[in-house]
$ cat run-v5.csv   # CSV, C-alpha atoms and all ligand atoms
chain,number,residue,atom,x,y,z
A,1369,MET,CA,-14.6,33.0,8.7
A,1370,LYS,CA,-16.1,30.0,10.6
A,1371,ILE,CA,-13.8,27.1,11.5
A,1372,SER,CA,-15.3,23.8,12.6
A,1373,ILE,CA,-13.9,20.5,13.6
A,1374,TYR,CA,-15.6,17.2,12.5
A,1375,ILE,CA,-14.1,14.2,14.3
A,1376,ALA,CA,-15.0,10.8,15.5
A,1377,ALA,CA,-13.9,9.5,18.9
A,1378,SER,CA,-14.2,6.5,21.1
A,1379,ALA,CA,-16.5,6.9,24.1
A,1380,ASN,CA,-13.4,7.7,26.1
A,1381,GLY,CA,-12.3,10.4,23.7
A,1382,LEU,CA,-9.6,8.7,21.6
A,1383,ILE,CA,-9.5,9.4,17.8
A,1384,SER,CA,-7.4,6.4,16.8
A,1385,ASN,CA,-6.8,3.0,18.3
A,1386,SER,CA,-3.3,1.5,19.0
A,1387,ARG,CA,-3.6,-0.6,15.8
A,1388,ASN,CA,-4.3,2.6,13.9
A,1389,VAL,CA,-7.0,0.7,11.9
A,1390,PRO,CA,-10.2,2.7,11.5
A,1391,ASP,CA,-12.5,-0.4,11.7
A,1392,TRP,CA,-14.5,1.2,14.6
A,1393,LEU,CA,-15.7,4.1,12.5
A,1394,SER,CA,-19.4,4.0,11.4
A,1395,PRO,CA,-20.5,4.6,7.9
A,1396,GLU,CA,-22.6,7.4,9.3
A,1397,TYR,CA,-19.5,9.2,10.6
A,1398,GLY,CA,-18.0,8.9,7.1
A,1399,ALA,CA,-21.2,10.2,5.5
A,1400,GLY,CA,-21.3,13.1,8.0
A,1401,MET,CA,-17.7,14.0,7.4
A,1402,MET,CA,-18.1,13.9,3.6
A,1403,ALA,CA,-21.3,16.0,3.8
A,1404,ILE,CA,-19.8,18.9,5.9
A,1405,CYS,CA,-16.7,18.9,3.6
A,1406,ARG,CA,-18.8,19.2,0.5
A,1407,GLU,CA,-21.0,21.9,2.1
A,1408,TYR,CA,-18.1,24.0,3.4
A,1409,LYS,CA,-15.9,23.4,0.3
A,1410,ALA,CA,-12.8,24.0,2.4
A,1411,VAL,CA,-11.1,21.2,4.3
A,1412,ILE,CA,-8.0,21.3,6.6
A,1413,MET,CA,-6.1,18.2,7.6
A,1414,GLY,CA,-2.6,17.2,8.7
A,1415,ARG,CA,-0.1,15.3,6.4
A,1416,VAL,CA,-0.6,12.0,8.3
A,1417,THR,CA,-4.3,12.1,7.8
A,1418,TYR,CA,-3.8,13.1,4.1
A,1419,ASP,CA,-1.6,10.1,3.6
A,1420,ILE,CA,-4.4,7.9,4.9
A,1421,LEU,CA,-7.0,9.4,2.7
A,1422,ALA,CA,-5.2,10.3,-0.5
A,1423,PRO,CA,-5.8,9.8,-3.3
A,1424,ASP,CA,-9.0,7.7,-3.3
A,1425,TYR,CA,-10.8,8.9,-0.1
A,1426,LEU,CA,-10.2,12.7,-0.1
A,1427,PRO,CA,-13.5,14.4,0.6
A,1428,LEU,CA,-13.0,17.1,-2.1
A,1429,THR,CA,-11.4,16.4,-5.4
A,1430,GLN,CA,-13.2,18.4,-8.0
A,1431,GLU,CA,-13.8,21.7,-6.2
A,1432,GLY,CA,-12.9,23.9,-3.2
A,1433,THR,CA,-9.7,23.9,-1.3
A,1434,THR,CA,-8.0,21.0,0.7
A,1435,VAL,CA,-5.3,22.4,3.0
A,1436,VAL,CA,-2.7,19.9,4.1
A,1437,LEU,CA,-0.3,21.0,6.9
A,1438,THR,CA,3.2,19.8,6.4
A,1439,THR,CA,6.7,21.0,7.0
A,1440,SER,CA,7.9,19.3,3.8
A,1441,GLU,CA,8.8,21.6,1.0
A,1442,ALA,CA,8.6,18.7,-1.4
A,1443,ALA,CA,5.0,17.6,-1.0
A,1444,THR,CA,3.0,17.4,-4.2
A,1445,SER,CA,-0.4,16.2,-5.3
A,1446,GLY,CA,-1.9,15.2,-8.6
A,1447,ASN,CA,-5.0,17.2,-7.5
A,1448,SER,CA,-4.9,20.9,-8.1
A,1449,THR,CA,-7.3,21.6,-5.2
A,1450,VAL,CA,-4.8,20.4,-2.6
A,1451,VAL,CA,-2.6,23.1,-1.0
A,1452,PHE,CA,0.4,22.0,1.1
A,1453,THR,CA,1.5,24.5,3.6
A,1454,LYS,CA,3.5,25.1,6.8
A,1455,ALA,CA,1.7,28.4,7.5
A,1456,ASN,CA,0.3,28.9,10.9
A,1457,PRO,CA,-3.5,28.5,11.6
A,1458,ALA,CA,-4.2,32.3,11.5
A,1459,GLU,CA,-2.4,32.5,8.1
A,1460,ILE,CA,-4.3,29.5,6.8
A,1461,VAL,CA,-7.6,31.1,7.9
A,1462,GLN,CA,-6.6,34.3,6.0
A,1463,MET,CA,-5.6,32.3,2.9
A,1464,LEU,CA,-8.9,30.6,2.8
A,1465,ALA,CA,-10.8,33.9,3.3
A,1466,ASP,CA,-8.7,35.4,0.5
A,1467,ARG,CA,-9.9,32.5,-1.7
A,1468,GLY,CA,-13.5,33.4,-1.0
A,1469,HIS,CA,-14.3,30.7,1.6
A,1470,THR,CA,-16.5,31.6,4.5
A,1471,HIS,CA,-16.4,28.2,6.3
A,1472,ALA,CA,-13.7,25.5,6.7
A,1473,VAL,CA,-13.7,22.2,8.5
A,1474,ILE,CA,-10.7,20.5,10.2
A,1475,ILE,CA,-11.0,16.7,9.9
A,1476,GLY,CA,-7.9,15.6,11.8
A,1477,GLY,CA,-5.7,14.5,13.2
A,1478,THR,CA,-4.5,15.3,16.8
A,1479,ALA,CA,-1.6,17.5,15.8
A,1480,THR,CA,-3.6,19.6,13.4
A,1481,ILE,CA,-6.7,20.0,15.6
A,1482,SER,CA,-4.4,20.9,18.5
A,1483,ALA,CA,-2.6,23.6,16.5
A,1484,PHE,CA,-5.9,25.2,15.5
A,1485,VAL,CA,-7.3,25.0,19.0
A,1486,ASN,CA,-4.1,26.6,20.5
A,1487,ALA,CA,-4.4,29.4,17.9
A,1488,GLY,CA,-7.9,30.2,19.2
A,1489,VAL,CA,-9.5,30.1,15.7
A,1490,VAL,CA,-12.0,27.2,16.2
A,1491,ASP,CA,-15.6,28.1,16.5
A,1492,ASP,CA,-17.4,24.8,16.9
A,1493,ILE,CA,-16.8,21.0,17.0
A,1494,TYR,CA,-18.8,18.1,15.8
A,1495,PHE,CA,-17.9,15.2,18.0
A,1496,VAL,CA,-19.1,11.8,16.7
A,1497,MET,CA,-19.0,9.4,19.6
A,1498,GLU,CA,-18.6,5.8,18.4
A,1499,PRO,CA,-19.7,2.9,20.7
A,1500,VAL,CA,-16.2,1.6,21.5
A,1501,LEU,CA,-13.7,1.9,24.4
A,1502,PHE,CA,-9.9,1.4,23.9
A,1503,GLY,CA,-6.9,2.3,25.9
A,1504,GLY,CA,-4.1,2.9,23.4
A,1505,GLY,CA,-4.2,5.4,20.6
A,1506,LEU,CA,-4.3,9.1,20.0
A,1507,PRO,CA,-6.2,11.7,22.1
A,1508,LEU,CA,-8.2,14.5,20.5
A,1509,LEU,CA,-5.8,17.1,21.8
A,1510,LYS,CA,-2.1,17.1,22.6
A,1511,GLY,CA,-0.1,20.1,24.0
A,1512,VAL,CA,-3.2,22.2,24.6
A,1513,GLU,CA,-2.9,24.0,27.9
A,1514,ALA,CA,-6.1,26.1,27.7
A,1515,GLU,CA,-9.2,24.7,29.3
A,1516,LEU,CA,-12.1,25.5,27.0
A,1517,LYS,CA,-15.8,25.6,27.8
A,1518,LEU,CA,-18.3,24.3,25.3
A,1519,ASN,CA,-22.0,25.1,24.7
A,1520,LEU,CA,-24.1,22.3,23.4
A,1521,LEU,CA,-25.9,23.2,20.2
A,1522,ALA,CA,-27.4,19.8,19.1
A,1523,VAL,CA,-27.4,16.1,19.8
A,1524,THR,CA,-28.1,13.8,16.8
A,1525,LYS,CA,-28.4,10.1,17.0
A,1526,LEU,CA,-26.6,8.9,13.8
A,1527,ASN,CA,-27.5,5.2,14.2
A,1528,GLY,CA,-28.5,2.8,17.0
A,1529,ASN,CA,-25.2,3.3,18.8
A,1530,THR,CA,-23.5,6.4,17.5
A,1531,VAL,CA,-24.2,10.0,18.7
A,1532,GLN,CA,-23.1,13.3,17.1
A,1533,LEU,CA,-22.6,16.1,19.6
A,1534,HIS,CA,-22.3,19.6,18.2
A,1535,TYR,CA,-20.7,22.1,20.5
A,1536,GLU,CA,-19.7,25.7,20.0
A,1537,ILE,CA,-16.5,26.8,21.8
A,1538,ALA,CA,-17.5,29.4,24.4
A,1539,LYS,CA,-15.8,32.8,23.9
A,1540,SER,CA,-13.7,33.5,27.0
B,1601,LIG,N1,-11.2,9.7,14.4
B,1601,LIG,C1,-11.2,10.5,13.4
B,1601,LIG,O1,-12.2,11.1,13.0
B,1601,LIG,C2,-9.9,10.8,12.7
B,1601,LIG,C3,-9.8,11.7,11.6
B,1601,LIG,C4,-8.6,11.9,11.0
B,1601,LIG,C5,-7.5,11.3,11.5
B,1601,LIG,N2,-7.6,10.4,12.5
B,1601,LIG,C6,-6.4,9.8,13.0
B,1601,LIG,O2,-5.4,10.8,13.4
B,1601,LIG,C7,-4.1,10.2,13.3
B,1601,LIG,C8,-3.3,11.3,12.7
B,1601,LIG,O3,-3.1,12.3,13.6
B,1601,LIG,P1,-1.7,13.0,13.8
B,1601,LIG,O4,-1.8,14.0,14.9
B,1601,LIG,O5,-0.7,11.9,13.9
B,1601,LIG,O6,-1.4,13.7,12.4
B,1601,LIG,P2,-2.1,14.8,11.5
B,1601,LIG,O7,-2.5,16.0,12.4
B,1601,LIG,O8,-3.0,14.2,10.6
B,1601,LIG,O9,-0.8,15.2,10.7
B,1601,LIG,C9,0.4,15.6,11.4
B,1601,LIG,C10,1.4,16.2,10.4
B,1601,LIG,O10,0.8,17.4,9.9
B,1601,LIG,C11,1.9,18.4,9.8
B,1601,LIG,N3,1.7,19.4,10.8
B,1601,LIG,C12,0.9,19.4,11.9
B,1601,LIG,N4,0.9,20.5,12.5
B,1601,LIG,C13,1.7,21.4,11.8
B,1601,LIG,C14,2.1,22.7,11.9
B,1601,LIG,N5,1.7,23.5,12.9
B,1601,LIG,N6,2.9,23.2,10.9
B,1601,LIG,C15,3.3,22.5,9.9
B,1601,LIG,N7,3.0,21.2,9.7
B,1601,LIG,C16,2.2,20.6,10.7
B,1601,LIG,C17,3.2,17.6,10.0
B,1601,LIG,O11,3.5,17.0,8.8
B,1601,LIG,P3,5.0,16.7,8.3
B,1601,LIG,O12,5.5,15.5,9.1
B,1601,LIG,O13,4.9,16.3,6.8
B,1601,LIG,O14,5.8,17.9,8.5
B,1601,LIG,C18,2.7,16.5,11.0
B,1601,LIG,O15,3.6,15.4,11.0
B,1601,LIG,C19,-4.3,9.0,12.4
B,1601,LIG,O16,-4.0,7.9,13.3
B,1601,LIG,C20,-5.7,8.9,12.0
B,1601,LIG,O17,-6.2,7.6,12.0
B,1601,LIG,C21,-8.7,10.2,13.1

$ encode --input "run-v5.csv" --output "structure tokens"
Amino acid sequence: MKISIYIAASANGLISNSRNVPDWLSPEYGAGMMAICREYKAVIMGRVTYDILAPDYLPLTQEGTTVVLTTSEAATSGNSTVVFTKANPAEIVQMLADRGHTHAVIIGGTATISAFVNAGVVDDIYFVMEPVLFGGGLPLLKGVEAELKLNLLAVTKLNGNTVQLHYEIAKS
């Protein structure tokens, strides 16, 4: 099972601004995120990210599996492809494998990415660097003690100002 992260960040590595308004994200990031979700057909996100995207902007609605991390027992969705869970990352990877998935992509946010990185189950990361700098907001990772080394796989210019960096996480 291959687990990837697809995330946009400011040039100083923050994934949301202090206004929490995503007006700095390029259409190319949105297109890239949608494309990898539709290719992998298994998407993982946290409940806060889900609440931003649902119901109109979820990347998968007709097929595949959308896993939403939440501690809430009461969470429900009108979409049968959405699975709410408080399972840990290893259990989620196993659940997706049991459903026949071979790839899954984590699309945010900080808490969810950090949980999967801490569990050591992430293989690679697509880091879309947008041409902005801001001081407040959320970092990519929180509560991650490990220092991970990355191997650069590809650099893709998405538009005149936005670069996509694809790194694999080096096995320690
Ligand atoms: N730049 C980008 O590409 C991008 C993409 C997506 C999101 N974002 C930004 O990221 C921000 C959201 O990030 P976030 O860290 O606040 O939230 P998040 O990771 O989207 O969701 C956090 C929630 O997920 C649940 N959760 C997380 N880890 C869990 C675990 N181990 N077990 C059970 N449930 C768990 C909890 O839900 P409950 O509270 O329901 O228990 C938690 O409150 C937003 O501001 C959004 O704009 C940016």

$ residues_near_ligand --input "run-v5.csv" --ligand "ligand LIG 1601 (chain B)" --cutoff "6 Å" --atoms "only C-alpha atoms and all ligand atoms" --output "number ranges by chain"
A: 1375-1377, 1383-1384, 1388, 1413-1417, 1437-1440, 1454, 1456, 1475-1480, 1483

$ write_last_selection --input "run-v5.csv" --atoms "C-alpha atoms" --output "PDB file, keeping the file's coordinate frame"
ATOM      1  CA  ILE A1375     -14.100  14.200  14.300  1.00  0.00           C
ATOM      2  CA  ALA A1376     -15.000  10.800  15.500  1.00  0.00           C
ATOM      3  CA  ALA A1377     -13.900   9.500  18.900  1.00  0.00           C
ATOM      4  CA  ILE A1383      -9.500   9.400  17.800  1.00  0.00           C
ATOM      5  CA  SER A1384      -7.400   6.400  16.800  1.00  0.00           C
ATOM      6  CA  ASN A1388      -4.300   2.600  13.900  1.00  0.00           C
ATOM      7  CA  MET A1413      -6.100  18.200   7.600  1.00  0.00           C
ATOM      8  CA  GLY A1414      -2.600  17.200   8.700  1.00  0.00           C
ATOM      9  CA  ARG A1415      -0.100  15.300   6.400  1.00  0.00           C
ATOM     10  CA  VAL A1416      -0.600  12.000   8.300  1.00  0.00           C
ATOM     11  CA  THR A1417      -4.300  12.100   7.800  1.00  0.00           C
ATOM     12  CA  LEU A1437      -0.300  21.000   6.900  1.00  0.00           C
ATOM     13  CA  THR A1438       3.200  19.800   6.400  1.00  0.00           C
ATOM     14  CA  THR A1439       6.700  21.000   7.000  1.00  0.00           C
ATOM     15  CA  SER A1440       7.900  19.300   3.800  1.00  0.00           C
ATOM     16  CA  LYS A1454       3.500  25.100   6.800  1.00  0.00           C
ATOM     17  CA  ASN A1456       0.300  28.900  10.900  1.00  0.00           C
ATOM     18  CA  ILE A1475     -11.000  16.700   9.900  1.00  0.00           C
ATOM     19  CA  GLY A1476      -7.900  15.600  11.800  1.00  0.00           C
ATOM     20  CA  GLY A1477      -5.700  14.500  13.200  1.00  0.00           C
ATOM     21  CA  THR A1478      -4.500  15.300  16.800  1.00  0.00           C
ATOM     22  CA  ALA A1479      -1.600  17.500  15.800  1.00  0.00           C
ATOM     23  CA  THR A1480      -3.600  19.600  13.400  1.00  0.00           C
ATOM     24  CA  ALA A1483      -2.600  23.600  16.500  1.00  0.00           C
TER      25      ALA A1483
END

$ residues_around --input "run-v5.csv" --residues "region 1488-1500 of chain A" --least-positions-apart "2" --cutoff "7 Å" --atoms "only C-alpha atoms" --output "ChimeraX atom specification"
/A:1370-1379,1393,1397,1484-1486,1502,1529-1537

$ atom_distance --input "run-v5.csv" --atom1 "CA of Glu1459 (chain A)" --atom2 "CA of Val1411 (chain A)"
14.8 Å

$ residues_near_point --input "run-v5.csv" --point "(-5.5, 27.0, 30.1)" --cutoff "12 Å" --atoms "all atoms listed in the file" --output "list in words"
Val1485, Asn1486, Gly1488, Gly1511, Val1512, Glu1513, Ala1514, Glu1515, Leu1516, Lys1517 and Ser1540 of chain A

$ residues_around --input "run-v5.csv" --residues "Ile1404 (chain A)" --least-positions-apart "5" --cutoff "9 Å" --atoms "all atoms listed in the file" --output "list in words"
Tyr1374, Ala1399, Lys1409 and Val1473 of chain A

$ atom_distance --input "run-v5.csv" --atom1 "CA of Val1435 (chain A)" --atom2 "CA of Phe1452 (chain A)"
6.0 Å

$ residues_near_point --input "run-v5.csv" --point "(-3.7, 31.7, 15.1)" --cutoff "6 Å" --atoms "all atoms listed in the file" --output "list in words"
Pro1457, Ala1458 and Ala1487 of chain A

$ atom_distance --input "run-v5.csv" --atom1 "CA of Ala1522 (chain A)" --atom2 "CA of His1469 (chain A)"
24.4 Å

$ closest_residue --input "run-v5.csv" --among "A:Ala1465, A:Leu1506, A:Met1369, A:Ala1538" --to "Leu1382 (chain A)" --atoms "only C-alpha atoms"
A:Leu1506

$ closest_residue --input "run-v5.csv" --among "A:Arg1467, A:Asn1385, A:Leu1421, A:Thr1433" --to "Cys1405 (chain A)" --atoms "only C-alpha atoms"
A:Thr1433

$ closest_residue --input "run-v5.csv" --among "A:Leu1526, A:Ile1481, A:Leu1508, A:Ala1410" --to "Val1461 (chain A)" --atoms "only C-alpha atoms"
A:Ala1410

$ closest_residue --input "run-v5.csv" --among "A:Asp1419, A:Ala1443, A:Ile1412, A:Gly1398" --to "Met1463 (chain A)" --atoms "only C-alpha atoms"
A:Ile1412

$ closest_residue --input "run-v5.csv" --among "A:Ala1403, A:Ala1442, A:Val1450, A:Val1389" --to "Pro1423 (chain A)" --atoms "all atoms listed in the file"
A:Val1450
